[in-house]
Amino acid sequence: MIEALLVPKQEIFYLDETANCQDAVRLLEEHSQRNVPVLDTSSNLYRGNIYRYHIYKHKFHHPDANLADLSVTHFLKNTTKTVHINETIYHLLFKIKDLPYIAVLDEGNAFMGVIYHDSMTHFMQQASNIQDTGYILAIKSDDYATDVIKISRIIRRYCDILAVNTLAENDYWEQPAVLFSLPSYLELPQINRMKELLNRRRYTYEIYEI
């Protein structure tokens, strides 16, 4: 799964650890990049990322600094933010977080390329059928297994179910819930009849239009 999202290193811009910050700025500006990976001289080992922001911040605070004298290794970030090619999509989801991309390593820790955050987001949108979703039915649930079966029977009377997700209780969500993605063709009379059945069975829920 991860391999399908991988952009191999032959198709991306990167620097080796002997480059200086002037080299980095030139590459970042010429190709409108926010950051690029830094590899060792063999182009096999991932050293980290260098961000344009950190170079400019240093230059702002040290206007007399010569960027050609500064090694890119001085500004390395995300040195441990990696994912291995044999890890699952769930590992990728929780590791990439707010990174613009994440470095992908093979089983021997050699750098293979990157997975961009936008690619991950696009994958999640497709996997969740967001493009066809018109509504999200969020139902509070203390018994996922039973409620998913019972509520699915109600929903299928009126429409298809595009996706089902569960939410555990957390700092932002007071009670465990089941989220049903419902299609955009669902009409108000169908929604109202669905609500009647859910109310009759005393479910606590919200319906959000996408």
# chains A, B, ... in the order shown; residues from 1 in each chain; ligands from 1
call {"tool": "residues_around", "arguments": {"residues": "A:Leu76", "least_positions_apart": "4", "cutoff": "7 Å", "atoms": "only C-alpha atoms", "output": "PDB file with N, CA and C atoms, in the first residue's frame"}}
result
ATOM      1  N   GLY A  48      17.997  13.844   6.887  1.00  0.00           N
ATOM      2  CA  GLY A  48      16.968  14.737   7.405  1.00  0.00           C
ATOM      3  C   GLY A  48      16.473  15.662   6.308  1.00  0.00           C
ATOM      4  N   ASN A  49      15.708  16.680   6.716  1.00  0.00           N
ATOM      5  CA  ASN A  49      15.212  17.686   5.780  1.00  0.00           C
ATOM      6  C   ASN A  49      15.871  19.020   6.065  1.00  0.00           C
ATOM      7  N   ILE A  50      16.007  19.829   5.028  1.00  0.00           N
ATOM      8  CA  ILE A  50      16.412  21.215   5.231  1.00  0.00           C
ATOM      9  C   ILE A  50      15.288  22.098   4.693  1.00  0.00           C
ATOM     10  N   VAL A  72      24.613  22.401   5.054  1.00  0.00           N
ATOM     11  CA  VAL A  72      23.180  22.099   5.205  1.00  0.00           C
ATOM     12  C   VAL A  72      22.918  21.270   6.461  1.00  0.00           C
TER      13      VAL A  72
END
call {"tool": "select_by_dssp", "arguments": {"residues": "chain A", "states": "alpha helix (DSSP H)", "output": "PyMOL selection string"}}
result
chain A and resi 2-5+21-30+52-61+89-96+117-127+144-155+188-200
call {"tool": "closest_residue", "arguments": {"among": "A:Cys159, A:Gln190, A:Ile207, A:Lys97", "to": "A:Ile136", "atoms": "only C-alpha atoms"}}
result
A:Ile207
call {"tool": "residues_around", "arguments": {"residues": "stretch 81-85 of chain A", "least_positions_apart": "6", "cutoff": "12 Å", "atoms": "only C-alpha atoms", "output": "MDAnalysis selection string"}}
result
chainID A and resid 1:8 37 45:49 91:115
call {"tool": "atom_distance", "arguments": {"atom1": "atom CA of A:Leu179", "atom2": "atom CA of A:Tyr208"}}
result
10.4 Å
call {"tool": "atom_distance", "arguments": {"atom1": "atom CA of A:Asp69", "atom2": "atom CA of A:Asn20"}}
result
6.6 Å
call {"tool": "residues_around", "arguments": {"residues": "A:Leu186", "least_positions_apart": "4", "cutoff": "9 Å", "atoms": "only C-alpha atoms", "output": "list in words"}}
result
Gly134, Tyr135, Tyr158, Cys159, Leu182, Gln190 and Ile191 of chain A
call {"tool": "write_last_selection", "arguments": {"atoms": "N, CA and C atoms", "output": "PDB file, in the first residue's frame"}}
result
ATOM      1  N   GLY A 134     -22.500  12.796   0.688  1.00  0.00           N
ATOM      2  CA  GLY A 134     -23.299  14.000   0.868  1.00  0.00           C
ATOM      3  C   GLY A 134     -23.578  14.289   2.331  1.00  0.00           C
ATOM      4  N   TYR A 135     -23.565  13.205   3.155  1.00  0.00           N
ATOM      5  CA  TYR A 135     -23.901  13.355   4.567  1.00  0.00           C
ATOM      6  C   TYR A 135     -23.049  12.409   5.414  1.00  0.00           C
ATOM      7  N   TYR A 158     -32.886   2.957   2.846  1.00  0.00           N
ATOM      8  CA  TYR A 158     -33.036   4.213   2.118  1.00  0.00           C
ATOM      9  C   TYR A 158     -31.869   4.560   1.203  1.00  0.00           C
ATOM     10  N   CYS A 159     -30.686   3.993   1.466  1.00  0.00           N
ATOM     11  CA  CYS A 159     -29.537   4.337   0.627  1.00  0.00           C
ATOM     12  C   CYS A 159     -28.392   3.369   0.887  1.00  0.00           C
ATOM     13  N   LEU A 182     -22.820   8.703   3.945  1.00  0.00           N
ATOM     14  CA  LEU A 182     -24.026   8.460   3.152  1.00  0.00           C
ATOM     15  C   LEU A 182     -23.948   9.232   1.836  1.00  0.00           C
ATOM     16  N   GLN A 190     -36.213  10.879   2.700  1.00  0.00           N
ATOM     17  CA  GLN A 190     -35.517   9.670   3.140  1.00  0.00           C
ATOM     18  C   GLN A 190     -34.785   9.914   4.459  1.00  0.00           C
ATOM     19  N   ILE A 191     -34.170  11.077   4.558  1.00  0.00           N
ATOM     20  CA  ILE A 191     -33.459  11.422   5.799  1.00  0.00           C
ATOM     21  C   ILE A 191     -34.429  11.481   6.972  1.00  0.00           C
TER      22      ILE A 191
END
call {"tool": "select_by_dssp", "arguments": {"residues": "stretch 16-209 of chain A", "states": "strand (DSSP E)", "output": "VMD selection string"}}
result
chain A and resid 16 35 to 39 46 to 51 82 to 84 101 to 105 111 to 116 133 to 140 163 to 167 177 to 183 205 to 209
call {"tool": "residues_around", "arguments": {"residues": "A:Phe75", "least_positions_apart": "6", "cutoff": "8 Å", "atoms": "only C-alpha atoms", "output": "ChimeraX atom specification"}}
result
/A:50-51,54-55
call {"tool": "closest_residue", "arguments": {"among": "A:Ile154, A:Ile89, A:Val164, A:Leu137", "to": "A:Arg201", "atoms": "only C-alpha atoms"}}
result
A:Ile154
call {"tool": "residues_around", "arguments": {"residues": "A:Ser141", "least_positions_apart": "3", "cutoff": "7 Å", "atoms": "only C-alpha atoms", "output": "VMD selection string"}}
result
chain A and resid 144 147 176 to 178
call {"tool": "atom_distance", "arguments": {"atom1": "atom CA of A:His117", "atom2": "atom CA of A:Thr18"}}
result
27.4 Å
call {"tool": "closest_residue", "arguments": {"among": "A:Gln22, A:Ser119, A:Thr41, A:Ser128", "to": "A:Ser71", "atoms": "only C-alpha atoms"}}
result
A:Gln22
call {"tool": "residues_around", "arguments": {"residues": "A:Tyr203", "least_positions_apart": "2", "cutoff": "10 Å", "atoms": "only C-alpha atoms", "output": "VMD selection string"}}
result
chain A and resid 139 to 141 147 151 195 197 to 201 205 to 206
call {"tool": "decode", "arguments": {"residues": "stretch 25-142 of chain A", "atoms": "C-alpha atoms", "output": "PDB file, in the first residue's frame"}}
result
ATOM      1  CA  VAL A  25      18.632  28.166  -1.317  1.00  0.00           C
ATOM      2  CA  ARG A  26      19.388  27.987  -5.038  1.00  0.00           C
ATOM      3  CA  LEU A  27      17.694  24.586  -5.359  1.00  0.00           C
ATOM      4  CA  LEU A  28      14.727  25.537  -3.171  1.00  0.00           C
ATOM      5  CA  GLU A  29      14.097  28.799  -5.006  1.00  0.00           C
ATOM      6  CA  GLU A  30      14.618  27.489  -8.528  1.00  0.00           C
ATOM      7  CA  HIS A  31      12.103  24.720  -7.975  1.00  0.00           C
ATOM      8  CA  SER A  32       9.747  26.500  -5.547  1.00  0.00           C
ATOM      9  CA  GLN A  33      10.323  23.924  -2.836  1.00  0.00           C
ATOM     10  CA  ARG A  34       9.571  24.479   0.850  1.00  0.00           C
ATOM     11  CA  ASN A  35      12.120  21.855   1.872  1.00  0.00           C
ATOM     12  CA  VAL A  36      14.152  18.992   0.417  1.00  0.00           C
ATOM     13  CA  PRO A  37      15.704  15.807   1.792  1.00  0.00           C
ATOM     14  CA  VAL A  38      19.400  15.686   2.619  1.00  0.00           C
ATOM     15  CA  LEU A  39      21.192  12.384   1.960  1.00  0.00           C
ATOM     16  CA  ASP A  40      24.689  11.148   2.644  1.00  0.00           C
ATOM     17  CA  THR A  41      27.313  11.230  -0.109  1.00  0.00           C
ATOM     18  CA  SER A  42      26.276   7.774  -1.333  1.00  0.00           C
ATOM     19  CA  SER A  43      22.668   9.000  -1.786  1.00  0.00           C
ATOM     20  CA  ASN A  44      21.523   5.989   0.220  1.00  0.00           C
ATOM     21  CA  LEU A  45      21.176   7.194   3.796  1.00  0.00           C
ATOM     22  CA  TYR A  46      18.585   9.773   4.790  1.00  0.00           C
ATOM     23  CA  ARG A  47      20.038  12.507   7.018  1.00  0.00           C
ATOM     24  CA  GLY A  48      16.968  14.737   7.405  1.00  0.00           C
ATOM     25  CA  ASN A  49      15.212  17.686   5.780  1.00  0.00           C
ATOM     26  CA  ILE A  50      16.412  21.215   5.231  1.00  0.00           C
ATOM     27  CA  TYR A  51      13.754  23.944   5.188  1.00  0.00           C
ATOM     28  CA  ARG A  52      14.011  27.242   3.384  1.00  0.00           C
ATOM     29  CA  TYR A  53      12.473  28.946   6.428  1.00  0.00           C
ATOM     30  CA  HIS A  54      15.308  28.004   8.767  1.00  0.00           C
ATOM     31  CA  ILE A  55      17.977  29.265   6.386  1.00  0.00           C
ATOM     32  CA  TYR A  56      16.190  32.594   5.930  1.00  0.00           C
ATOM     33  CA  LYS A  57      15.608  32.908   9.657  1.00  0.00           C
ATOM     34  CA  HIS A  58      19.317  32.438  10.286  1.00  0.00           C
ATOM     35  CA  LYS A  59      20.180  35.010   7.607  1.00  0.00           C
ATOM     36  CA  PHE A  60      17.720  37.501   9.146  1.00  0.00           C
ATOM     37  CA  HIS A  61      19.304  37.201  12.576  1.00  0.00           C
ATOM     38  CA  HIS A  62      22.852  37.032  11.154  1.00  0.00           C
ATOM     39  CA  PRO A  63      22.830  39.347   8.100  1.00  0.00           C
ATOM     40  CA  ASP A  64      26.588  39.110   7.658  1.00  0.00           C
ATOM     41  CA  ALA A  65      26.561  35.311   7.480  1.00  0.00           C
ATOM     42  CA  ASN A  66      27.898  33.777   4.288  1.00  0.00           C
ATOM     43  CA  LEU A  67      25.518  30.982   3.335  1.00  0.00           C
ATOM     44  CA  ALA A  68      28.215  29.355   1.236  1.00  0.00           C
ATOM     45  CA  ASP A  69      30.174  28.735   4.440  1.00  0.00           C
ATOM     46  CA  LEU A  70      27.255  27.067   6.208  1.00  0.00           C
ATOM     47  CA  SER A  71      26.725  23.331   5.749  1.00  0.00           C
ATOM     48  CA  VAL A  72      23.180  22.099   5.205  1.00  0.00           C
ATOM     49  CA  THR A  73      23.754  19.733   8.126  1.00  0.00           C
ATOM     50  CA  HIS A  74      23.604  22.803  10.386  1.00  0.00           C
ATOM     51  CA  PHE A  75      19.844  23.042   9.791  1.00  0.00           C
ATOM     52  CA  LEU A  76      18.747  19.417   9.544  1.00  0.00           C
ATOM     53  CA  LYS A  77      15.202  18.717  10.755  1.00  0.00           C
ATOM     54  CA  ASN A  78      12.928  15.638  10.881  1.00  0.00           C
ATOM     55  CA  THR A  79      15.941  13.355  11.139  1.00  0.00           C
ATOM     56  CA  THR A  80      13.912  10.509  12.664  1.00  0.00           C
ATOM     57  CA  LYS A  81      10.637  11.180  10.821  1.00  0.00           C
ATOM     58  CA  THR A  82      10.634   8.204   8.474  1.00  0.00           C
ATOM     59  CA  VAL A  83       8.449   5.275   7.482  1.00  0.00           C
ATOM     60  CA  HIS A  84       9.574   1.885   6.185  1.00  0.00           C
ATOM     61  CA  ILE A  85       8.256   0.520   2.921  1.00  0.00           C
ATOM     62  CA  ASN A  86       6.899  -2.617   4.627  1.00  0.00           C
ATOM     63  CA  GLU A  87       4.853  -0.653   7.189  1.00  0.00           C
ATOM     64  CA  THR A  88       1.094  -0.270   6.925  1.00  0.00           C
ATOM     65  CA  ILE A  89      -0.971   2.666   5.758  1.00  0.00           C
ATOM     66  CA  TYR A  90      -1.890   3.250   9.410  1.00  0.00           C
ATOM     67  CA  HIS A  91       1.765   3.700  10.361  1.00  0.00           C
ATOM     68  CA  LEU A  92       2.050   6.211   7.532  1.00  0.00           C
ATOM     69  CA  LEU A  93      -1.087   8.080   8.599  1.00  0.00           C
ATOM     70  CA  PHE A  94       0.107   8.598  12.167  1.00  0.00           C
ATOM     71  CA  LYS A  95       3.724   9.339  11.271  1.00  0.00           C
ATOM     72  CA  ILE A  96       3.265  11.882   8.491  1.00  0.00           C
ATOM     73  CA  LYS A  97       1.107  14.216  10.646  1.00  0.00           C
ATOM     74  CA  ASP A  98       1.800  17.804   9.512  1.00  0.00           C
ATOM     75  CA  LEU A  99       4.938  17.059   7.476  1.00  0.00           C
ATOM     76  CA  PRO A 100       4.858  18.159   3.814  1.00  0.00           C
ATOM     77  CA  TYR A 101       6.251  14.713   3.010  1.00  0.00           C
ATOM     78  CA  ILE A 102       7.846  11.808   4.821  1.00  0.00           C
ATOM     79  CA  ALA A 103      11.002   9.914   3.887  1.00  0.00           C
ATOM     80  CA  VAL A 104      10.532   6.240   2.962  1.00  0.00           C
ATOM     81  CA  LEU A 105      13.234   3.695   3.791  1.00  0.00           C
ATOM     82  CA  ASP A 106      13.670   0.104   2.649  1.00  0.00           C
ATOM     83  CA  GLU A 107      14.248  -2.863   4.984  1.00  0.00           C
ATOM     84  CA  GLY A 108      17.957  -1.998   5.130  1.00  0.00           C
ATOM     85  CA  ASN A 109      17.245   1.666   5.992  1.00  0.00           C
ATOM     86  CA  ALA A 110      18.273   2.919   2.554  1.00  0.00           C
ATOM     87  CA  PHE A 111      16.408   5.979   1.292  1.00  0.00           C
ATOM     88  CA  MET A 112      13.846   5.075  -1.387  1.00  0.00           C
ATOM     89  CA  GLY A 113      11.984   8.340  -1.863  1.00  0.00           C
ATOM     90  CA  VAL A 114       9.142  10.250  -0.263  1.00  0.00           C
ATOM     91  CA  ILE A 115       5.394  10.187   0.195  1.00  0.00           C
ATOM     92  CA  TYR A 116       3.794  13.614  -0.033  1.00  0.00           C
ATOM     93  CA  HIS A 117       1.163  14.742   2.440  1.00  0.00           C
ATOM     94  CA  ASP A 118      -1.131  15.670  -0.463  1.00  0.00           C
ATOM     95  CA  SER A 119      -0.905  12.108  -1.802  1.00  0.00           C
ATOM     96  CA  MET A 120      -1.822  10.714   1.594  1.00  0.00           C
ATOM     97  CA  THR A 121      -4.784  13.099   1.858  1.00  0.00           C
ATOM     98  CA  HIS A 122      -5.955  12.182  -1.639  1.00  0.00           C
ATOM     99  CA  PHE A 123      -5.722   8.490  -0.796  1.00  0.00           C
ATOM    100  CA  MET A 124      -7.810   8.986   2.361  1.00  0.00           C
ATOM    101  CA  GLN A 125     -10.405  10.953   0.407  1.00  0.00           C
ATOM    102  CA  GLN A 126     -10.734   8.188  -2.166  1.00  0.00           C
ATOM    103  CA  ALA A 127     -10.771   5.443   0.475  1.00  0.00           C
ATOM    104  CA  SER A 128     -13.538   7.268   2.361  1.00  0.00           C
ATOM    105  CA  ASN A 129     -15.555   7.969  -0.790  1.00  0.00           C
ATOM    106  CA  ILE A 130     -15.554  11.655   0.082  1.00  0.00           C
ATOM    107  CA  GLN A 131     -16.233  12.607  -3.530  1.00  0.00           C
ATOM    108  CA  ASP A 132     -19.588  10.800  -3.410  1.00  0.00           C
ATOM    109  CA  THR A 133     -20.489  11.558   0.202  1.00  0.00           C
ATOM    110  CA  GLY A 134     -23.299  14.000   0.868  1.00  0.00           C
ATOM    111  CA  TYR A 135     -23.901  13.355   4.567  1.00  0.00           C
ATOM    112  CA  ILE A 136     -22.180  11.962   7.638  1.00  0.00           C
ATOM    113  CA  LEU A 137     -24.372  10.211  10.197  1.00  0.00           C
ATOM    114  CA  ALA A 138     -22.596  10.257  13.577  1.00  0.00           C
ATOM    115  CA  ILE A 139     -24.162   7.972  16.192  1.00  0.00           C
ATOM    116  CA  LYS A 140     -22.971   7.702  19.782  1.00  0.00           C
ATOM    117  CA  SER A 141     -22.212   4.095  20.591  1.00  0.00           C
ATOM    118  CA  ASP A 142     -20.909   2.029  23.484  1.00  0.00           C
TER     119      ASP A 142
END
